[in-house]
$ cat coords-v2.cif   # mmCIF, C-alpha atoms
data_work
#
loop_
_atom_site.label_atom_id
_atom_site.label_comp_id
_atom_site.auth_asym_id
_atom_site.auth_seq_id
_atom_site.Cartn_x
_atom_site.Cartn_y
_atom_site.Cartn_z
CA CYS A 19 124.46 114.19 75.32
CA SER A 20 125.84 111.00 73.74
CA SER A 21 126.11 109.59 70.24
CA ARG A 22 125.44 106.25 68.59
CA SER A 23 129.14 105.65 68.00
CA GLU A 24 130.46 106.21 71.51
CA GLY A 25 129.32 105.47 75.04
CA TYR A 26 127.94 108.06 77.41
CA SER A 27 130.89 107.69 79.79
CA LEU A 28 133.33 108.47 76.98
CA VAL A 29 131.42 111.64 76.09
CA VAL A 30 131.53 112.69 79.76
CA ALA A 31 135.29 112.08 79.89
CA GLU A 32 135.78 114.20 76.76
CA GLY A 33 133.74 117.00 78.30
CA ILE A 34 135.90 116.96 81.44
CA CYS A 35 139.06 117.20 79.33
CA LEU A 36 137.61 120.22 77.51
CA GLY A 37 136.73 121.97 80.74
CA ILE A 38 132.97 121.68 80.25
CA PRO A 39 130.94 121.16 83.46
CA ILE A 40 128.82 117.99 83.22
CA LEU A 41 125.16 117.73 84.19
CA THR A 42 124.06 114.10 84.54
CA THR A 43 121.65 111.81 86.36
CA ASN A 44 122.84 109.35 88.99
CA CYS A 45 123.62 106.48 86.61
CA THR A 46 126.56 104.09 86.68
CA GLY A 47 129.61 105.39 84.83
CA PRO A 48 129.11 109.14 84.34
CA SER A 49 128.26 109.82 87.99
CA GLU A 50 131.42 108.02 89.08
CA LEU A 51 133.53 110.01 86.61
CA ILE A 52 132.42 113.48 87.62
CA ASP A 53 132.66 112.98 91.42
CA ASN A 54 129.67 115.19 92.25
CA GLY A 55 130.83 118.80 92.55
CA GLU A 56 134.35 118.20 91.21
CA PHE A 57 133.73 118.11 87.45
CA GLY A 58 129.97 118.45 87.28
CA ILE A 59 126.62 118.06 89.00
CA ILE A 60 124.46 114.97 89.54
CA VAL A 61 120.70 115.60 89.42
CA GLU A 62 117.47 113.62 89.67
CA ASN A 63 116.24 112.00 86.46
CA SER A 64 113.41 114.49 85.90
CA PHE A 65 112.68 117.80 84.24
CA ILE A 66 112.74 119.53 87.63
CA GLY A 67 116.12 117.96 88.43
CA LEU A 68 117.53 119.17 85.11
CA LYS A 69 116.18 122.69 85.70
CA ILE A 70 117.69 122.87 89.19
CA GLY A 71 121.06 121.69 87.88
CA LEU A 72 121.14 124.24 85.07
CA LEU A 73 120.18 127.07 87.42
CA LYS A 74 122.91 126.03 89.84
CA ILE A 75 125.54 126.25 87.09
CA PHE A 76 124.43 129.51 85.47
CA ASP A 77 123.71 131.27 88.76
CA ASN A 78 127.31 130.63 89.81
CA PRO A 79 129.81 131.56 87.06
CA ASN A 80 132.65 130.58 89.39
CA LEU A 81 131.67 126.95 88.81
CA LEU A 82 132.46 127.33 85.13
CA ARG A 83 135.81 128.92 85.99
CA ASP A 84 136.74 126.19 88.49
CA TYR A 85 135.92 123.37 86.06
CA HIS A 86 138.00 125.06 83.36
CA LEU A 87 141.03 125.53 85.62
CA LEU A 88 140.86 121.92 86.81
CA SER A 89 140.50 120.37 83.36
CA THR A 90 143.60 121.43 81.46
CA SER A 91 147.00 119.77 81.76
CA ARG A 92 148.74 123.18 81.62
CA ALA A 93 149.23 125.08 84.87
CA SER A 94 146.40 127.39 85.92
CA ILE A 95 147.42 131.01 86.51
CA SER A 96 145.63 133.67 88.54
CA ILE A 97 146.42 137.24 87.48
CA ILE A 98 145.64 139.72 90.25
CA VAL A 99 145.07 143.37 89.35
CA PRO A 100 144.54 145.92 92.17
CA LEU A 101 142.57 148.88 90.86
CA TYR A 102 141.95 152.41 92.08
CA ASN A 103 140.88 155.24 89.76
CA LYS A 104 142.63 154.19 86.56
CA GLU A 105 139.89 155.00 84.04
CA LYS A 106 142.30 156.58 81.54
CA VAL A 107 144.58 153.53 81.20
CA LEU A 108 142.44 150.60 82.36
CA VAL A 109 141.30 149.42 78.93
CA ARG A 110 144.90 149.04 77.75
CA CYS A 111 145.77 146.88 80.78
CA ILE A 112 142.71 144.59 80.66
CA ASP A 113 142.92 144.17 76.89
CA SER A 114 146.52 143.02 77.22
CA LEU A 115 145.48 140.38 79.77
CA ILE A 116 142.39 139.08 78.00
CA ASN A 117 144.44 138.63 74.82
CA GLN A 118 147.11 136.43 76.38
CA VAL A 119 148.35 133.56 74.19
CA TYR A 120 148.29 131.35 77.27
CA GLU A 121 144.64 130.46 77.82
CA ASN A 122 144.39 128.78 81.24
CA ILE A 123 144.11 132.00 83.20
CA GLU A 124 141.72 133.89 85.42
CA ILE A 125 141.97 137.67 85.67
CA ILE A 126 140.98 138.89 89.13
CA VAL A 127 140.45 142.64 89.29
CA VAL A 128 139.94 144.05 92.77
CA ASP A 129 138.38 147.50 92.61
CA ASP A 130 139.58 149.27 95.74
CA GLY A 131 136.71 151.75 96.06
CA SER A 132 137.31 153.65 92.82
CA THR A 133 135.47 156.96 92.53
CA ASP A 134 135.97 157.44 88.78
CA CYS A 135 134.47 155.42 85.91
CA SER A 136 136.70 152.35 86.37
CA LYS A 137 133.83 150.05 87.38
CA GLU A 138 131.71 151.12 84.41
CA ILE A 139 134.62 150.47 82.06
CA LEU A 140 135.12 146.97 83.49
CA SER A 141 131.43 146.15 83.05
CA LYS A 142 131.81 146.54 79.28
CA PHE A 143 134.32 143.70 78.95
CA GLN A 144 132.82 140.41 77.82
CA SER A 145 135.19 137.64 78.90
CA ASN A 146 134.69 134.48 80.95
CA LYS A 147 138.28 134.91 82.17
CA LEU A 148 137.58 138.22 83.92
CA PHE A 149 136.30 138.36 87.52
CA VAL A 150 135.73 141.71 89.19
CA TYR A 151 135.39 142.27 92.93
CA SER A 152 134.54 145.59 94.59
CA ILE A 153 135.74 146.38 98.12
CA SER A 154 135.93 149.44 100.34
CA ASN A 155 139.07 151.49 99.88
CA GLY A 156 141.86 149.97 101.95
CA GLY A 157 144.99 150.45 99.86
CA VAL A 158 146.89 148.33 97.37
CA SER A 159 148.11 145.78 99.94
CA ASN A 160 144.56 145.04 101.09
CA ALA A 161 143.36 144.76 97.48
CA ARG A 162 146.10 142.29 96.56
CA ASN A 163 145.47 140.21 99.69
CA TYR A 164 141.78 140.09 98.82
CA GLY A 165 142.64 139.03 95.28
CA MET A 166 144.83 136.19 96.55
CA SER A 167 141.95 134.96 98.73
CA LYS A 168 139.81 134.62 95.58
CA ALA A 169 142.50 133.00 93.41
CA ASN A 170 141.94 129.46 92.15
CA GLY A 171 145.10 129.07 90.06
CA LYS A 172 148.11 126.96 90.95
CA TYR A 173 150.30 130.01 90.35
CA ILE A 174 149.80 133.73 90.95
CA THR A 175 151.16 136.76 89.12
CA PHE A 176 150.43 140.44 89.65
CA VAL A 177 149.83 143.25 87.17
CA ASP A 178 149.27 146.89 88.09
CA ALA A 179 146.24 148.54 86.48
CA ASP A 180 148.29 151.37 84.92
CA ASP A 181 150.77 148.96 83.33
CA TYR A 182 150.32 146.45 80.51
CA VAL A 183 151.92 143.27 79.20
CA SER A 184 152.68 141.63 75.89
CA LYS A 185 150.48 138.79 74.67
CA ASN A 186 153.25 136.32 75.63
CA TYR A 187 153.64 137.50 79.23
CA ILE A 188 152.06 134.46 80.90
CA GLU A 189 153.38 132.04 78.27
CA SER A 190 156.96 133.16 78.94
CA LEU A 191 156.62 132.77 82.71
CA VAL A 192 155.06 129.30 82.39
CA ASP A 193 157.63 128.14 79.83
CA ALA A 194 160.36 128.99 82.35
CA LYS A 195 158.76 126.77 84.98
CA VAL A 196 160.84 123.82 86.18
CA ASP A 197 159.52 121.34 88.76
CA ASP A 198 161.90 122.36 91.55
CA VAL A 199 161.63 126.12 90.92
CA ASP A 200 159.46 128.10 93.34
CA TYR A 201 160.02 131.61 91.99
CA ILE A 202 160.30 132.99 88.46
CA ALA A 203 161.12 136.58 87.50
CA MET A 204 161.59 138.27 84.12
CA GLY A 205 163.09 141.53 82.85
CA ARG A 206 160.92 144.54 82.02
CA LYS A 207 160.38 147.47 79.72
CA ASP A 208 160.39 150.90 81.35
CA VAL A 209 157.92 153.11 79.48
CA PHE A 210 158.49 156.85 79.48
CA LYS A 211 156.66 159.55 77.53
CA TYR A 212 158.97 159.49 74.53
CA LYS A 213 160.93 156.25 74.86
CA ILE A 214 160.93 152.66 76.10
CA ASN A 215 164.01 151.23 77.82
CA ASP A 216 164.82 147.54 78.03
CA VAL A 217 165.81 146.51 81.56
CA LYS A 218 167.53 143.19 81.15
CA LEU A 219 167.83 140.44 83.73
CA LYS A 220 170.70 137.99 83.65
CA GLU A 221 169.59 134.38 83.16
CA PHE A 222 169.80 132.38 86.36
CA TYR A 223 168.71 129.00 87.69
CA GLY A 224 169.73 127.94 91.16
CA GLU A 225 169.45 128.36 94.91
CA ILE A 226 167.78 131.46 96.33
CA LYS A 227 170.93 132.35 98.26
CA ASP A 228 172.84 132.57 94.98
CA LEU A 229 170.55 135.09 93.25
CA PRO A 230 172.76 137.53 91.27
CA GLU A 231 173.47 140.98 92.67
CA GLU A 232 171.65 142.72 89.81
CA PHE A 233 168.37 141.18 90.98
CA TYR A 234 168.61 143.45 94.00
CA VAL A 235 170.56 146.39 92.55
CA ASN A 236 168.21 146.88 89.55
CA GLY A 237 165.11 146.79 91.72
CA PHE A 238 163.64 143.46 90.68
CA CYS A 239 163.17 142.50 94.33
CA HIS A 240 161.08 145.64 94.89
CA SER A 241 158.15 144.68 92.68
CA VAL A 242 155.76 141.73 92.51
CA TRP A 243 154.78 142.16 88.87
CA GLY A 244 156.79 140.26 86.28
CA LYS A 245 156.98 137.31 88.69
CA LEU A 246 155.34 133.91 89.07
CA PHE A 247 154.53 132.71 92.60
CA LYS A 248 153.33 129.31 93.79
CA LYS A 249 149.97 129.71 95.52
CA GLU A 250 150.72 126.66 97.67
CA ILE A 251 153.74 128.40 99.24
CA ILE A 252 151.73 131.57 99.83
CA ASP A 253 148.87 129.67 101.49
CA LEU A 254 150.99 127.29 103.60
CA ASN A 255 153.04 130.16 105.03
CA ASN A 256 150.21 132.69 105.23
CA ILE A 257 152.23 135.22 103.25
CA LYS A 258 150.42 138.52 102.82
CA PHE A 259 151.16 142.08 101.84
CA PRO A 260 151.77 144.22 104.95
CA ASN A 261 149.19 146.79 105.97
CA PHE A 262 151.07 149.78 104.61
CA ASN A 263 151.70 151.16 101.13
CA ILE A 264 155.45 151.82 101.19
CA SER A 265 157.82 149.00 100.12
CA GLU A 266 154.96 146.51 100.47
CA ASP A 267 156.17 144.70 97.34
CA SER A 268 159.66 144.29 98.79
CA CYS A 269 158.27 142.85 102.03
CA PHE A 270 156.11 140.34 100.17
CA ASN A 271 158.97 139.29 97.90
CA LEU A 272 161.41 138.77 100.75
CA GLU A 273 158.91 136.87 102.89
CA TYR A 274 158.14 134.62 99.93
CA LEU A 275 161.80 134.07 99.00
CA LYS A 276 162.54 132.94 102.57
CA MET A 277 160.23 129.97 101.93
CA CYS A 278 161.71 129.04 98.55
CA LYS A 279 164.53 126.75 97.54
CA LYS A 280 165.23 127.59 93.92
CA ALA A 281 164.54 130.45 91.55
CA ARG A 282 164.78 131.08 87.85
CA LEU A 283 165.41 134.47 86.23
CA ILE A 284 164.75 134.90 82.51
CA ASN A 285 166.00 137.63 80.21
CA VAL A 286 162.60 138.14 78.62
CA ARG A 287 160.92 141.55 78.77
CA GLU A 288 157.16 141.17 78.42
CA TYR A 289 156.07 143.55 81.20
CA TYR A 290 155.62 147.26 80.39
CA TYR A 291 156.12 149.39 83.49
CA ILE A 292 154.71 152.90 83.13
CA HIS A 293 156.68 155.79 84.66
#

$ encode --input "coords-v2.cif" --output "structure tokens"
Amino acid sequence: CSSRSEGYSLVVAEGICLGIPILTTNCTGPSELIDNGEFGIIVENSFIGLKIGLLKIFDNPNLLRDYHLLSTSRASISIIVPLYNKEKVLVRCIDSLINQVYENIEIIVVDDGSTDCSKEILSKFQSNKLFVYSISNGGVSNARNYGMSKANGKYITFVDADDYVSKNYIESLVDAKVDDVDYIAMGRKDVFKYKINDVKLKEFYGEIKDLPEEFYVNGFCHSVWGKLFKKEIIDLNNIKFPNFNISEDSCFNLEYLKMCKKARLINVREYYYIH
């Protein structure tokens, strides 16, 4: 729609900035702005054309997600959660992700053939940030690889379904981002039955070859959660989790680090690892 005080093209531009998909006829100005399929859909100037356009948008919720991720000036983040039979702890994990302070996210849950009530629990969440995919059971590596194939964000992070994060988890990773940094890692909180231990990570910014010894000694290289990865590096080098479920995180980390130049480690502990 447009108003008396501002031109139609200006309204379209505002909609793009807000992440709202635009539905317009093929008229000069708006049609040039949206670049058919990039920020909206161009339809015939008729009731039938309008109906077809609306159906195309609402029949494909991924369109709404893609427009949102493209529109904001802040980096888009894909959070990948492999899931297998975690009905007792799943709500805690998904709640912690949906309630992130950082808003430009998509939460990709890959249900790896769960046989409990995990899928039913997921169906009760009402969030346009949450996208659930169901696949045949193939292990955590296969589930994460599938999740990466569906990711639309510029950056990827991983969260295990039995863990949870603070509301500032994504915000802290993004705030640590520097243009020439390819890899970001944070400290963690180890959660036991009766206590929570802080596992600190010494602040670092520099070449991959100079990563401090504690990064390896304290096990930070053996997990993919609590990290921020560039999707471009993953895609260009076809980096995937190996087809086995022992030390698969370590293999992915090391393969990724081989393709990086600089890393940043932050002494922030927003990830809660359940023992």

$ resolve_selection --input "coords-v2.cif" --expression "the PyMOL selection byres ((chain A and resi 93) around 8)" --output "VMD selection string"
chain A and resid 90 to 92 94 to 95 122 171 to 173 192

$ closest_residue --input "coords-v2.cif" --among "A:Val61, A:Val199, A:Met166, A:Ile188" --to "Phe222 (chain A)" --atoms "only C-alpha atoms"
A:Val199

$ closest_residue --input "coords-v2.cif" --among "A:Asp200, A:Glu221, A:Asp130, A:Glu124" --to "Ser154 (chain A)" --atoms "all atoms listed in the file"
A:Asp130

$ atom_distance --input "coords-v2.cif" --atom1 "CA of Tyr291 (chain A)" --atom2 "CA of Ile252 (chain A)"
24.6 Å

$ resolve_selection --input "coords-v2.cif" --expression "the PyMOL selection byres ((chain A and resi 117) around 12)" --output "list in words"
Val109, Arg110, Cys111, Ile112, Asp113, Ser114, Leu115, Ile116, Gln118, Val119, Tyr120, Glu121, Asn122, Ile123, Glu124, Ile125, Ser145, Lys147, Leu148, Tyr182, Val183, Ser184, Lys185, Asn186, Tyr187, Ile188 and Glu189 of chain A

$ closest_residue --input "coords-v2.cif" --among "A:Asn63, A:Ser190, A:Asn236, A:Ser96" --to "Thr43 (chain A)" --atoms "only C-alpha atoms"
A:Asn63

$ atom_distance --input "coords-v2.cif" --atom1 "CA of Phe262 (chain A)" --atom2 "CA of Gly156 (chain A)"
9.6 Å

$ atom_distance --input "coords-v2.cif" --atom1 "CA of Asp267 (chain A)" --atom2 "CA of Val242 (chain A)"
5.7 Å

$ build_atoms --input "coords-v2.cif" --residues "region 223-234 of chain A" --atoms "all heavy atoms" --output "PDB file, in the coordinates of the input"
ATOM      1  N   TYR A 223     169.479 130.140  87.181  1.00  0.00           N
ATOM      2  CA  TYR A 223     168.710 129.000  87.690  1.00  0.00           C
ATOM      3  C   TYR A 223     169.512 128.389  88.829  1.00  0.00           C
ATOM      4  O   TYR A 223     170.624 127.901  88.633  1.00  0.00           O
ATOM      5  CB  TYR A 223     168.468 127.960  86.595  1.00  0.00           C
ATOM      6  CG  TYR A 223     167.962 126.625  87.099  1.00  0.00           C
ATOM      7  CD1 TYR A 223     166.761 126.528  87.791  1.00  0.00           C
ATOM      8  CD2 TYR A 223     168.702 125.465  86.889  1.00  0.00           C
ATOM      9  CE1 TYR A 223     166.293 125.316  88.249  1.00  0.00           C
ATOM     10  CE2 TYR A 223     168.243 124.234  87.345  1.00  0.00           C
ATOM     11  CZ  TYR A 223     167.044 124.166  88.029  1.00  0.00           C
ATOM     12  OH  TYR A 223     166.586 122.957  88.503  1.00  0.00           O
ATOM     13  N   GLY A 224     168.973 128.476  90.040  1.00  0.00           N
ATOM     14  CA  GLY A 224     169.730 127.940  91.160  1.00  0.00           C
ATOM     15  C   GLY A 224     169.104 128.263  92.500  1.00  0.00           C
ATOM     16  O   GLY A 224     167.930 128.637  92.596  1.00  0.00           O
ATOM     17  N   GLU A 225     169.926 128.132  93.555  1.00  0.00           N
ATOM     18  CA  GLU A 225     169.450 128.360  94.910  1.00  0.00           C
ATOM     19  C   GLU A 225     169.145 129.843  95.156  1.00  0.00           C
ATOM     20  O   GLU A 225     169.800 130.722  94.574  1.00  0.00           O
ATOM     21  CB  GLU A 225     170.527 127.904  95.916  1.00  0.00           C
ATOM     22  CG  GLU A 225     170.913 126.435  95.816  1.00  0.00           C
ATOM     23  CD  GLU A 225     169.830 125.521  96.360  1.00  0.00           C
ATOM     24  OE1 GLU A 225     169.045 125.980  97.220  1.00  0.00           O
ATOM     25  OE2 GLU A 225     169.781 124.348  95.932  1.00  0.00           O
ATOM     26  N   ILE A 226     168.173 130.088  96.015  1.00  0.00           N
ATOM     27  CA  ILE A 226     167.780 131.460  96.330  1.00  0.00           C
ATOM     28  C   ILE A 226     168.967 132.263  96.854  1.00  0.00           C
ATOM     29  O   ILE A 226     169.160 133.434  96.510  1.00  0.00           O
ATOM     30  CB  ILE A 226     166.634 131.480  97.368  1.00  0.00           C
ATOM     31  CG1 ILE A 226     165.375 130.827  96.788  1.00  0.00           C
ATOM     32  CG2 ILE A 226     166.356 132.899  97.836  1.00  0.00           C
ATOM     33  CD1 ILE A 226     164.769 131.557  95.626  1.00  0.00           C
ATOM     34  N   LYS A 227     169.789 131.641  97.675  1.00  0.00           N
ATOM     35  CA  LYS A 227     170.930 132.350  98.260  1.00  0.00           C
ATOM     36  C   LYS A 227     171.947 132.801  97.219  1.00  0.00           C
ATOM     37  O   LYS A 227     172.783 133.683  97.504  1.00  0.00           O
ATOM     38  CB  LYS A 227     171.618 131.444  99.290  1.00  0.00           C
ATOM     39  CG  LYS A 227     172.212 130.174  98.723  1.00  0.00           C
ATOM     40  CD  LYS A 227     172.859 129.331  99.814  1.00  0.00           C
ATOM     41  CE  LYS A 227     173.422 128.017  99.261  1.00  0.00           C
ATOM     42  NZ  LYS A 227     174.492 128.224  98.279  1.00  0.00           N
ATOM     43  N   ASP A 228     171.878 132.236  96.025  1.00  0.00           N
ATOM     44  CA  ASP A 228     172.840 132.570  94.980  1.00  0.00           C
ATOM     45  C   ASP A 228     172.275 133.528  93.937  1.00  0.00           C
ATOM     46  O   ASP A 228     172.886 133.732  92.871  1.00  0.00           O
ATOM     47  CB  ASP A 228     173.308 131.285  94.274  1.00  0.00           C
ATOM     48  CG  ASP A 228     174.050 130.350  95.218  1.00  0.00           C
ATOM     49  OD1 ASP A 228     174.789 130.861  96.077  1.00  0.00           O
ATOM     50  OD2 ASP A 228     173.877 129.117  95.101  1.00  0.00           O
ATOM     51  N   LEU A 229     171.124 134.122  94.192  1.00  0.00           N
ATOM     52  CA  LEU A 229     170.550 135.090  93.250  1.00  0.00           C
ATOM     53  C   LEU A 229     171.575 136.173  92.930  1.00  0.00           C
ATOM     54  O   LEU A 229     172.258 136.674  93.830  1.00  0.00           O
ATOM     55  CB  LEU A 229     169.298 135.725  93.831  1.00  0.00           C
ATOM     56  CG  LEU A 229     168.002 134.902  93.727  1.00  0.00           C
ATOM     57  CD1 LEU A 229     166.916 135.512  94.615  1.00  0.00           C
ATOM     58  CD2 LEU A 229     167.525 134.815  92.283  1.00  0.00           C
ATOM     59  N   PRO A 230     171.723 136.549  91.652  1.00  0.00           N
ATOM     60  CA  PRO A 230     172.760 137.530  91.270  1.00  0.00           C
ATOM     61  C   PRO A 230     172.491 138.904  91.872  1.00  0.00           C
ATOM     62  O   PRO A 230     171.350 139.288  92.167  1.00  0.00           O
ATOM     63  CB  PRO A 230     172.659 137.567  89.743  1.00  0.00           C
ATOM     64  CG  PRO A 230     171.283 137.083  89.430  1.00  0.00           C
ATOM     65  CD  PRO A 230     170.947 136.082  90.485  1.00  0.00           C
ATOM     66  N   GLU A 231     173.546 139.664  92.039  1.00  0.00           N
ATOM     67  CA  GLU A 231     173.470 140.980  92.670  1.00  0.00           C
ATOM     68  C   GLU A 231     172.518 141.914  91.926  1.00  0.00           C
ATOM     69  O   GLU A 231     171.808 142.712  92.535  1.00  0.00           O
ATOM     70  CB  GLU A 231     174.871 141.594  92.742  1.00  0.00           C
ATOM     71  CG  GLU A 231     174.914 142.948  93.439  1.00  0.00           C
ATOM     72  CD  GLU A 231     176.322 143.516  93.502  1.00  0.00           C
ATOM     73  OE1 GLU A 231     177.270 142.809  93.080  1.00  0.00           O
ATOM     74  OE2 GLU A 231     176.464 144.672  93.951  1.00  0.00           O
ATOM     75  N   GLU A 232     172.478 141.809  90.591  1.00  0.00           N
ATOM     76  CA  GLU A 232     171.650 142.720  89.810  1.00  0.00           C
ATOM     77  C   GLU A 232     170.158 142.552  90.099  1.00  0.00           C
ATOM     78  O   GLU A 232     169.367 143.475  89.892  1.00  0.00           O
ATOM     79  CB  GLU A 232     171.897 142.538  88.310  1.00  0.00           C
ATOM     80  CG  GLU A 232     171.369 141.233  87.755  1.00  0.00           C
ATOM     81  CD  GLU A 232     171.449 141.187  86.228  1.00  0.00           C
ATOM     82  OE1 GLU A 232     170.670 141.893  85.574  1.00  0.00           O
ATOM     83  OE2 GLU A 232     172.286 140.426  85.715  1.00  0.00           O
ATOM     84  N   PHE A 233     169.773 141.391  90.602  1.00  0.00           N
ATOM     85  CA  PHE A 233     168.370 141.180  90.980  1.00  0.00           C
ATOM     86  C   PHE A 233     167.960 142.180  92.047  1.00  0.00           C
ATOM     87  O   PHE A 233     166.830 142.676  92.058  1.00  0.00           O
ATOM     88  CB  PHE A 233     168.183 139.746  91.480  1.00  0.00           C
ATOM     89  CG  PHE A 233     166.797 139.454  92.001  1.00  0.00           C
ATOM     90  CD1 PHE A 233     165.744 139.283  91.121  1.00  0.00           C
ATOM     91  CD2 PHE A 233     166.551 139.364  93.361  1.00  0.00           C
ATOM     92  CE1 PHE A 233     164.456 139.023  91.581  1.00  0.00           C
ATOM     93  CE2 PHE A 233     165.279 139.098  93.842  1.00  0.00           C
ATOM     94  CZ  PHE A 233     164.234 138.921  92.945  1.00  0.00           C
ATOM     95  N   TYR A 234     168.880 142.495  92.927  1.00  0.00           N
ATOM     96  CA  TYR A 234     168.610 143.450  94.000  1.00  0.00           C
ATOM     97  C   TYR A 234     168.944 144.882  93.571  1.00  0.00           C
ATOM     98  O   TYR A 234     168.175 145.818  93.806  1.00  0.00           O
ATOM     99  CB  TYR A 234     169.417 143.072  95.246  1.00  0.00           C
ATOM    100  CG  TYR A 234     169.114 141.678  95.754  1.00  0.00           C
ATOM    101  CD1 TYR A 234     169.935 140.593  95.424  1.00  0.00           C
ATOM    102  CD2 TYR A 234     167.993 141.439  96.540  1.00  0.00           C
ATOM    103  CE1 TYR A 234     169.649 139.317  95.889  1.00  0.00           C
ATOM    104  CE2 TYR A 234     167.697 140.168  97.014  1.00  0.00           C
ATOM    105  CZ  TYR A 234     168.528 139.110  96.672  1.00  0.00           C
ATOM    106  OH  TYR A 234     168.245 137.851  97.127  1.00  0.00           O
TER     107      TYR A 234
END
